[in-house]
$ cat entry-v6.cif   # mmCIF, C-alpha atoms
data_model
#
loop_
_atom_site.group_PDB
_atom_site.id
_atom_site.type_symbol
_atom_site.label_atom_id
_atom_site.label_comp_id
_atom_site.auth_asym_id
_atom_site.auth_seq_id
_atom_site.Cartn_x
_atom_site.Cartn_y
_atom_site.Cartn_z
ATOM 1 C CA MET A 1 -30.002 5.194 179.135
ATOM 2 C CA THR A 2 -30.530 3.791 182.605
ATOM 3 C CA LYS A 3 -33.484 1.806 183.808
ATOM 4 C CA ALA A 4 -36.497 3.696 185.091
ATOM 5 C CA ARG A 5 -38.355 3.039 188.287
ATOM 6 C CA LYS A 6 -41.824 4.081 189.323
ATOM 7 C CA ARG A 7 -42.047 6.844 191.854
ATOM 8 C CA THR A 8 -43.731 5.448 194.963
ATOM 9 C CA ASN A 9 -43.129 7.927 197.779
ATOM 10 C CA ARG A 10 -45.223 10.858 196.521
ATOM 11 C CA PRO A 11 -48.934 11.368 195.960
ATOM 12 C CA ARG A 12 -50.200 11.220 192.379
ATOM 13 C CA PRO A 13 -49.512 14.528 190.613
ATOM 14 C CA ASN A 14 -52.322 16.966 189.992
ATOM 15 C CA PHE A 15 -51.383 18.986 186.920
ATOM 16 C CA LYS A 16 -53.661 21.975 187.641
ATOM 17 C CA LYS A 17 -52.597 22.180 191.281
ATOM 18 C CA ASP A 18 -48.904 21.803 190.384
ATOM 19 C CA LEU A 19 -49.232 24.444 187.651
ATOM 20 C CA GLU A 20 -50.815 26.920 190.061
ATOM 21 C CA ARG A 21 -48.174 26.240 192.687
ATOM 22 C CA GLY A 22 -45.481 26.717 190.054
ATOM 23 C CA LYS A 23 -46.992 30.053 188.997
ATOM 24 C CA ARG A 24 -46.993 31.256 192.626
ATOM 25 C CA GLY A 25 -43.360 30.208 192.937
ATOM 26 C CA GLU A 26 -42.457 32.002 189.726
ATOM 27 C CA ALA A 27 -44.157 35.200 190.938
ATOM 28 C CA LEU A 28 -42.089 35.030 194.126
ATOM 29 C CA LEU A 29 -38.889 34.524 192.164
ATOM 30 C CA VAL A 30 -39.652 37.393 189.782
ATOM 31 C CA GLU A 31 -39.964 39.650 192.818
ATOM 32 C CA HIS A 32 -36.520 38.678 194.159
ATOM 33 C CA CYS A 33 -34.480 37.576 191.142
ATOM 34 C CA HIS A 34 -31.170 39.322 190.447
ATOM 35 C CA LEU A 35 -32.391 39.683 186.870
ATOM 36 C CA SER A 36 -35.200 42.102 186.136
ATOM 37 C CA LEU A 37 -37.742 39.624 184.744
ATOM 38 C CA GLN A 38 -40.877 40.278 182.740
ATOM 39 C CA PRO A 39 -43.321 37.586 181.591
ATOM 40 C CA ASN A 40 -43.000 36.542 177.970
ATOM 41 C CA LYS A 41 -45.893 38.489 176.488
ATOM 42 C CA ASP A 42 -45.878 36.984 173.007
ATOM 43 C CA PRO A 43 -48.839 34.547 172.885
ATOM 44 C CA ASP A 44 -47.315 32.811 169.859
ATOM 45 C CA GLU A 45 -43.983 32.259 171.602
ATOM 46 C CA ARG A 46 -44.281 29.794 174.464
ATOM 47 C CA ARG A 47 -40.769 28.390 174.441
ATOM 48 C CA TRP A 48 -39.724 30.371 177.517
ATOM 49 C CA ASP A 49 -41.435 31.857 180.568
ATOM 50 C CA TYR A 50 -39.701 35.179 181.093
ATOM 51 C CA GLU A 51 -37.348 37.698 179.543
ATOM 52 C CA SER A 52 -34.799 39.808 181.368
ATOM 53 C CA ALA A 53 -34.438 43.540 180.847
ATOM 54 C CA SER A 54 -31.309 42.754 178.823
ATOM 55 C CA GLY A 55 -33.238 40.346 176.542
ATOM 56 C CA LEU A 56 -32.239 36.987 178.050
ATOM 57 C CA LYS A 57 -34.836 34.244 177.601
ATOM 58 C CA VAL A 58 -35.439 32.546 180.961
ATOM 59 C CA GLU A 59 -37.020 29.206 181.895
ATOM 60 C CA ILE A 60 -37.894 28.550 185.558
ATOM 61 C CA LYS A 61 -38.343 25.167 187.232
ATOM 62 C CA SER A 62 -39.935 25.353 190.700
ATOM 63 C CA ASP A 63 -39.336 22.450 193.071
ATOM 64 C CA TYR A 64 -41.199 22.120 196.370
ATOM 65 C CA TRP A 65 -39.129 19.245 197.749
ATOM 66 C CA PRO A 66 -36.686 20.504 200.379
ATOM 67 C CA THR A 67 -33.178 21.472 199.335
ATOM 68 C CA SER A 68 -31.908 19.183 202.096
ATOM 69 C CA THR A 69 -32.192 16.238 199.674
ATOM 70 C CA GLY A 70 -29.097 17.603 197.951
ATOM 71 C CA ASN A 71 -30.600 16.774 194.545
ATOM 72 C CA PHE A 72 -32.171 18.413 191.555
ATOM 73 C CA PHE A 73 -34.961 16.525 189.803
ATOM 74 C CA MET A 74 -34.035 16.992 186.149
ATOM 75 C CA GLU A 75 -36.910 16.188 183.843
ATOM 76 C CA PHE A 76 -35.612 14.381 180.760
ATOM 77 C CA TYR A 77 -38.926 13.739 179.012
ATOM 78 C CA SER A 78 -42.020 15.755 179.848
ATOM 79 C CA ASP A 79 -43.951 13.095 177.913
ATOM 80 C CA ILE A 80 -42.236 9.711 177.542
ATOM 81 C CA ALA A 81 -44.566 8.323 174.854
ATOM 82 C CA ARG A 82 -44.048 11.334 172.591
ATOM 83 C CA LYS A 83 -40.350 11.622 173.551
ATOM 84 C CA LYS A 84 -40.974 15.284 174.286
ATOM 85 C CA PRO A 85 -37.885 16.808 175.941
ATOM 86 C CA GLY A 86 -38.278 18.347 179.369
ATOM 87 C CA GLY A 87 -36.326 20.523 181.775
ATOM 88 C CA PRO A 88 -32.955 21.798 180.598
ATOM 89 C CA TRP A 89 -33.040 19.660 177.420
ATOM 90 C CA ARG A 90 -36.193 21.440 176.323
ATOM 91 C CA ALA A 91 -34.714 24.799 177.314
ATOM 92 C CA TYR A 92 -31.655 24.025 175.176
ATOM 93 C CA GLN A 93 -33.797 22.878 172.233
ATOM 94 C CA ASP A 94 -35.874 26.049 172.537
ATOM 95 C CA GLU A 95 -32.765 28.267 172.567
ATOM 96 C CA VAL A 96 -33.432 29.594 176.058
ATOM 97 C CA ASP A 97 -30.536 31.575 177.558
ATOM 98 C CA VAL A 98 -30.986 30.892 181.281
ATOM 99 C CA PHE A 99 -32.368 27.913 183.211
ATOM 100 C CA ILE A 100 -33.301 28.667 186.816
ATOM 101 C CA TYR A 101 -33.999 25.871 189.293
ATOM 102 C CA PHE A 102 -35.958 27.400 192.174
ATOM 103 C CA TYR A 103 -36.883 26.152 195.651
ATOM 104 C CA PRO A 104 -39.679 28.529 196.746
ATOM 105 C CA LYS A 105 -39.944 27.265 200.326
ATOM 106 C CA GLU A 106 -36.258 27.906 200.986
ATOM 107 C CA ARG A 107 -36.072 31.088 198.892
ATOM 108 C CA VAL A 108 -33.055 29.850 196.966
ATOM 109 C CA TYR A 109 -32.451 29.470 193.251
ATOM 110 C CA TYR A 110 -29.728 28.002 191.072
ATOM 111 C CA TYR A 111 -28.858 30.032 187.997
ATOM 112 C CA PHE A 112 -27.559 28.083 184.988
ATOM 113 C CA ARG A 113 -26.278 30.423 182.286
ATOM 114 C CA ASN A 114 -24.747 27.780 179.995
ATOM 115 C CA ILE A 115 -27.590 25.380 179.237
ATOM 116 C CA GLU A 116 -25.592 23.542 176.590
ATOM 117 C CA ALA A 117 -22.901 22.683 179.151
ATOM 118 C CA LEU A 118 -25.601 21.667 181.631
ATOM 119 C CA CYS A 119 -27.175 19.249 179.142
ATOM 120 C CA GLU A 120 -23.775 17.824 178.173
ATOM 121 C CA ARG A 121 -22.932 17.180 181.823
ATOM 122 C CA LEU A 122 -26.325 15.636 182.516
ATOM 123 C CA ASN A 123 -25.970 13.363 179.482
ATOM 124 C CA GLN A 124 -22.638 12.153 180.868
ATOM 125 C CA LEU A 125 -24.174 11.487 184.292
ATOM 126 C CA LEU A 126 -27.471 9.792 183.461
ATOM 127 C CA ASP A 127 -26.081 6.263 183.370
ATOM 128 C CA LYS A 128 -25.140 6.680 187.030
ATOM 129 C CA PHE A 129 -28.752 7.188 188.148
ATOM 130 C CA ASP A 130 -32.086 5.407 187.873
ATOM 131 C CA GLY A 131 -34.723 7.250 185.917
ATOM 132 C CA ILE A 132 -37.898 8.077 187.811
ATOM 133 C CA VAL A 133 -41.234 7.816 186.026
ATOM 134 C CA VAL A 134 -43.866 10.261 187.202
ATOM 135 C CA HIS A 135 -47.392 9.169 186.280
ATOM 136 C CA ASN A 136 -49.611 12.093 185.362
ATOM 137 C CA THR A 137 -53.248 11.853 184.286
ATOM 138 C CA ARG A 138 -52.681 11.348 180.556
ATOM 139 C CA TRP A 139 -48.904 11.058 180.196
ATOM 140 C CA GLN A 140 -45.773 9.970 181.971
ATOM 141 C CA THR A 141 -42.711 12.064 182.696
ATOM 142 C CA LEU A 142 -39.166 10.740 183.066
ATOM 143 C CA GLY A 143 -36.605 12.481 185.219
ATOM 144 C CA TYR A 144 -33.498 11.912 187.308
ATOM 145 C CA LYS A 145 -32.420 12.847 190.807
ATOM 146 C CA VAL A 146 -29.041 14.471 190.214
ATOM 147 C CA PRO A 147 -26.850 15.481 193.156
ATOM 148 C CA ARG A 148 -26.260 19.225 193.054
ATOM 149 C CA GLU A 149 -22.564 18.673 193.759
ATOM 150 C CA GLU A 150 -22.268 17.036 190.306
ATOM 151 C CA LEU A 151 -23.274 20.346 188.696
ATOM 152 C CA ALA A 152 -21.777 22.830 191.169
ATOM 153 C CA ASP A 153 -19.366 24.365 188.663
ATOM 154 C CA LEU A 154 -22.244 25.146 186.288
ATOM 155 C CA PHE A 155 -24.496 27.263 188.496
ATOM 156 C CA GLU A 156 -24.544 30.320 190.715
ATOM 157 C CA VAL A 157 -26.655 30.239 193.893
ATOM 158 C CA TYR A 158 -28.896 33.126 194.948
ATOM 159 C CA GLU A 159 -31.008 33.296 198.063
ATOM 160 C CA TRP A 160 -32.840 35.778 200.245
ATOM 161 C CA ASP A 161 -34.154 35.875 203.765
ATOM 162 C CA SER A 162 -37.664 34.453 204.015
ATOM 163 C CA LYS A 163 -38.596 37.369 206.304
ATOM 164 C CA SER A 164 -38.260 39.723 203.339
ATOM 165 C CA THR A 165 -41.489 38.399 201.790
#

$ encode --input "entry-v6.cif" --output "structure tokens"
Amino acid sequence: MTKARKRTNRPRPNFKKDLERGKRGEALLVEHCHLSLQPNKDPDERRWDYESASGLKVEIKSDYWPTSTGNFFMEFYSDIARKKPGGPWRAYQDEVDVFIYFYPKERVYYYFRNIEALCERLNQLLDKFDGIVVHNTRWQTLGYKVPREELADLFEVYEWDSKST
């Protein structure tokens, strides 16, 4: 695995604020997603966020950085100390069917149907990039900025006009 560097260009994360912002983003996506999504209503099953009308298990990652960076931030560990998988690796471990990477401000999302292939590709690419450590209140997250072009054959892009909301 590559070396990790501390993130210095962003304010310290606020978990509650980020969670609320993520929930607002998810609500927006549910309204416009090409899949008919319903929240996962099983309180004992928290491995995925939503289910489609056809039964697909869906995990959504909202990102508020502009799409103009050309990158995804793929979370490798949601908690480094506990080696708890994050992002698509967690989705794969949890047998989720669809991973959606969503940019709420731009009203665009990237639909990954084959999470296994996504994780395999990311594993091949990680040595090319520095890991970024995000310091949260009680834990640290590790992720990677991955150029979208490196994954372009693995996703479909969906977007809508911001005037429609």

$ resolve_selection --input "entry-v6.cif" --expression "the PyMOL selection byres ((chain A and resi 87-96) around 12)" --output "VMD selection string"
chain A and resid 40 45 to 52 55 to 63 72 to 79 83 to 86 97 to 101 111 to 123 141 to 144

$ atom_distance --input "entry-v6.cif" --atom1 "atom CA of A:Pro39" --atom2 "atom CA of A:Lys23"
11.2 Å

$ atom_distance --input "entry-v6.cif" --atom1 "atom CA of A:Leu154" --atom2 "atom CA of A:Val133"
25.7 Å

$ closest_residue --input "entry-v6.cif" --among "A:Ala81, A:Ala53, A:Gln38, A:Trp65" --to "A:Arg138" --atoms "only C-alpha atoms"
A:Ala81

$ resolve_selection --input "entry-v6.cif" --expression "the PyMOL selection byres ((chain A and resi 160) around 6)" --output "PyMOL selection string"
chain A and resi 107+159+161

$ closest_residue --input "entry-v6.cif" --among "A:Thr67, A:Leu29, A:Ile80, A:Tyr110" --to "A:Gln140" --atoms "only C-alpha atoms"
A:Ile80

$ closest_residue --input "entry-v6.cif" --among "A:Val157, A:Leu125, A:Val134, A:Val146" --to "A:His34" --atoms "only C-alpha atoms"
A:Val157

$ atom_distance --input "entry-v6.cif" --atom1 "atom CA of A:Ser36" --atom2 "atom CA of A:Pro66"
25.9 Å

$ closest_residue --input "entry-v6.cif" --among "A:Ile132, A:Leu126, A:Val108, A:Leu37" --to "A:Glu156" --atoms "all atoms listed in the file"
A:Val108

$ build_atoms --input "entry-v6.cif" --residues "stretch 31-55 of chain A" --atoms "N, CA and C atoms" --output "PDB file, in the coordinates of the input"
ATOM      1  N   GLU A  31     -40.076  38.549 191.855  1.00  0.00           N
ATOM      2  CA  GLU A  31     -39.964  39.650 192.818  1.00  0.00           C
ATOM      3  C   GLU A  31     -38.546  39.785 193.386  1.00  0.00           C
ATOM      4  N   HIS A  32     -37.825  38.669 193.490  1.00  0.00           N
ATOM      5  CA  HIS A  32     -36.520  38.678 194.159  1.00  0.00           C
ATOM      6  C   HIS A  32     -35.326  38.341 193.265  1.00  0.00           C
ATOM      7  N   CYS A  33     -35.551  38.014 192.036  1.00  0.00           N
ATOM      8  CA  CYS A  33     -34.480  37.576 191.142  1.00  0.00           C
ATOM      9  C   CYS A  33     -33.482  38.706 190.876  1.00  0.00           C
ATOM     10  N   HIS A  34     -32.208  38.333 190.750  1.00  0.00           N
ATOM     11  CA  HIS A  34     -31.170  39.322 190.447  1.00  0.00           C
ATOM     12  C   HIS A  34     -31.327  39.884 189.034  1.00  0.00           C
ATOM     13  N   LEU A  35     -32.058  39.167 188.194  1.00  0.00           N
ATOM     14  CA  LEU A  35     -32.391  39.683 186.870  1.00  0.00           C
ATOM     15  C   LEU A  35     -33.719  40.422 186.978  1.00  0.00           C
ATOM     16  N   SER A  36     -33.905  41.433 186.192  1.00  0.00           N
ATOM     17  CA  SER A  36     -35.200  42.102 186.136  1.00  0.00           C
ATOM     18  C   SER A  36     -36.043  41.337 185.113  1.00  0.00           C
ATOM     19  N   LEU A  37     -36.981  40.517 185.615  1.00  0.00           N
ATOM     20  CA  LEU A  37     -37.742  39.624 184.744  1.00  0.00           C
ATOM     21  C   LEU A  37     -39.136  40.159 184.441  1.00  0.00           C
ATOM     22  N   GLN A  38     -39.525  39.962 183.190  1.00  0.00           N
ATOM     23  CA  GLN A  38     -40.877  40.278 182.740  1.00  0.00           C
ATOM     24  C   GLN A  38     -41.444  39.030 182.073  1.00  0.00           C
ATOM     25  N   PRO A  39     -42.745  38.755 182.266  1.00  0.00           N
ATOM     26  CA  PRO A  39     -43.321  37.586 181.591  1.00  0.00           C
ATOM     27  C   PRO A  39     -43.193  37.712 180.075  1.00  0.00           C
ATOM     28  N   ASN A  40     -43.002  36.585 179.427  1.00  0.00           N
ATOM     29  CA  ASN A  40     -43.000  36.542 177.970  1.00  0.00           C
ATOM     30  C   ASN A  40     -44.416  36.888 177.526  1.00  0.00           C
ATOM     31  N   LYS A  41     -44.559  37.997 176.847  1.00  0.00           N
ATOM     32  CA  LYS A  41     -45.893  38.489 176.488  1.00  0.00           C
ATOM     33  C   LYS A  41     -46.355  38.069 175.098  1.00  0.00           C
ATOM     34  N   ASP A  42     -45.516  37.393 174.362  1.00  0.00           N
ATOM     35  CA  ASP A  42     -45.878  36.984 173.007  1.00  0.00           C
ATOM     36  C   ASP A  42     -46.689  35.692 173.066  1.00  0.00           C
ATOM     37  N   PRO A  43     -47.999  35.750 172.776  1.00  0.00           N
ATOM     38  CA  PRO A  43     -48.839  34.547 172.885  1.00  0.00           C
ATOM     39  C   PRO A  43     -48.452  33.453 171.883  1.00  0.00           C
ATOM     40  N   ASP A  44     -47.738  33.808 170.843  1.00  0.00           N
ATOM     41  CA  ASP A  44     -47.315  32.811 169.859  1.00  0.00           C
ATOM     42  C   ASP A  44     -45.953  32.204 170.200  1.00  0.00           C
ATOM     43  N   GLU A  45     -45.317  32.725 171.221  1.00  0.00           N
ATOM     44  CA  GLU A  45     -43.983  32.259 171.602  1.00  0.00           C
ATOM     45  C   GLU A  45     -44.027  31.719 173.022  1.00  0.00           C
ATOM     46  N   ARG A  46     -44.154  30.408 173.145  1.00  0.00           N
ATOM     47  CA  ARG A  46     -44.281  29.794 174.464  1.00  0.00           C
ATOM     48  C   ARG A  46     -43.059  28.974 174.842  1.00  0.00           C
ATOM     49  N   ARG A  47     -41.951  29.205 174.169  1.00  0.00           N
ATOM     50  CA  ARG A  47     -40.769  28.390 174.441  1.00  0.00           C
ATOM     51  C   ARG A  47     -40.068  28.785 175.733  1.00  0.00           C
ATOM     52  N   TRP A  48     -40.327  29.958 176.262  1.00  0.00           N
ATOM     53  CA  TRP A  48     -39.724  30.371 177.517  1.00  0.00           C
ATOM     54  C   TRP A  48     -40.743  31.160 178.328  1.00  0.00           C
ATOM     55  N   ASP A  49     -40.490  31.234 179.647  1.00  0.00           N
ATOM     56  CA  ASP A  49     -41.435  31.857 180.568  1.00  0.00           C
ATOM     57  C   ASP A  49     -41.260  33.362 180.687  1.00  0.00           C
ATOM     58  N   TYR A  50     -40.004  33.784 180.783  1.00  0.00           N
ATOM     59  CA  TYR A  50     -39.701  35.179 181.093  1.00  0.00           C
ATOM     60  C   TYR A  50     -38.568  35.697 180.224  1.00  0.00           C
ATOM     61  N   GLU A  51     -38.474  37.032 180.184  1.00  0.00           N
ATOM     62  CA  GLU A  51     -37.348  37.698 179.543  1.00  0.00           C
ATOM     63  C   GLU A  51     -36.767  38.697 180.532  1.00  0.00           C
ATOM     64  N   SER A  52     -35.450  38.819 180.502  1.00  0.00           N
ATOM     65  CA  SER A  52     -34.799  39.808 181.368  1.00  0.00           C
ATOM     66  C   SER A  52     -34.806  41.156 180.662  1.00  0.00           C
ATOM     67  N   ALA A  53     -34.509  42.191 181.423  1.00  0.00           N
ATOM     68  CA  ALA A  53     -34.438  43.540 180.847  1.00  0.00           C
ATOM     69  C   ALA A  53     -33.392  43.606 179.742  1.00  0.00           C
ATOM     70  N   SER A  54     -32.362  42.753 179.841  1.00  0.00           N
ATOM     71  CA  SER A  54     -31.309  42.754 178.823  1.00  0.00           C
ATOM     72  C   SER A  54     -31.631  41.821 177.648  1.00  0.00           C
ATOM     73  N   GLY A  55     -32.820  41.192 177.664  1.00  0.00           N
ATOM     74  CA  GLY A  55     -33.238  40.346 176.542  1.00  0.00           C
ATOM     75  C   GLY A  55     -32.961  38.862 176.689  1.00  0.00           C
TER      76      GLY A  55
END
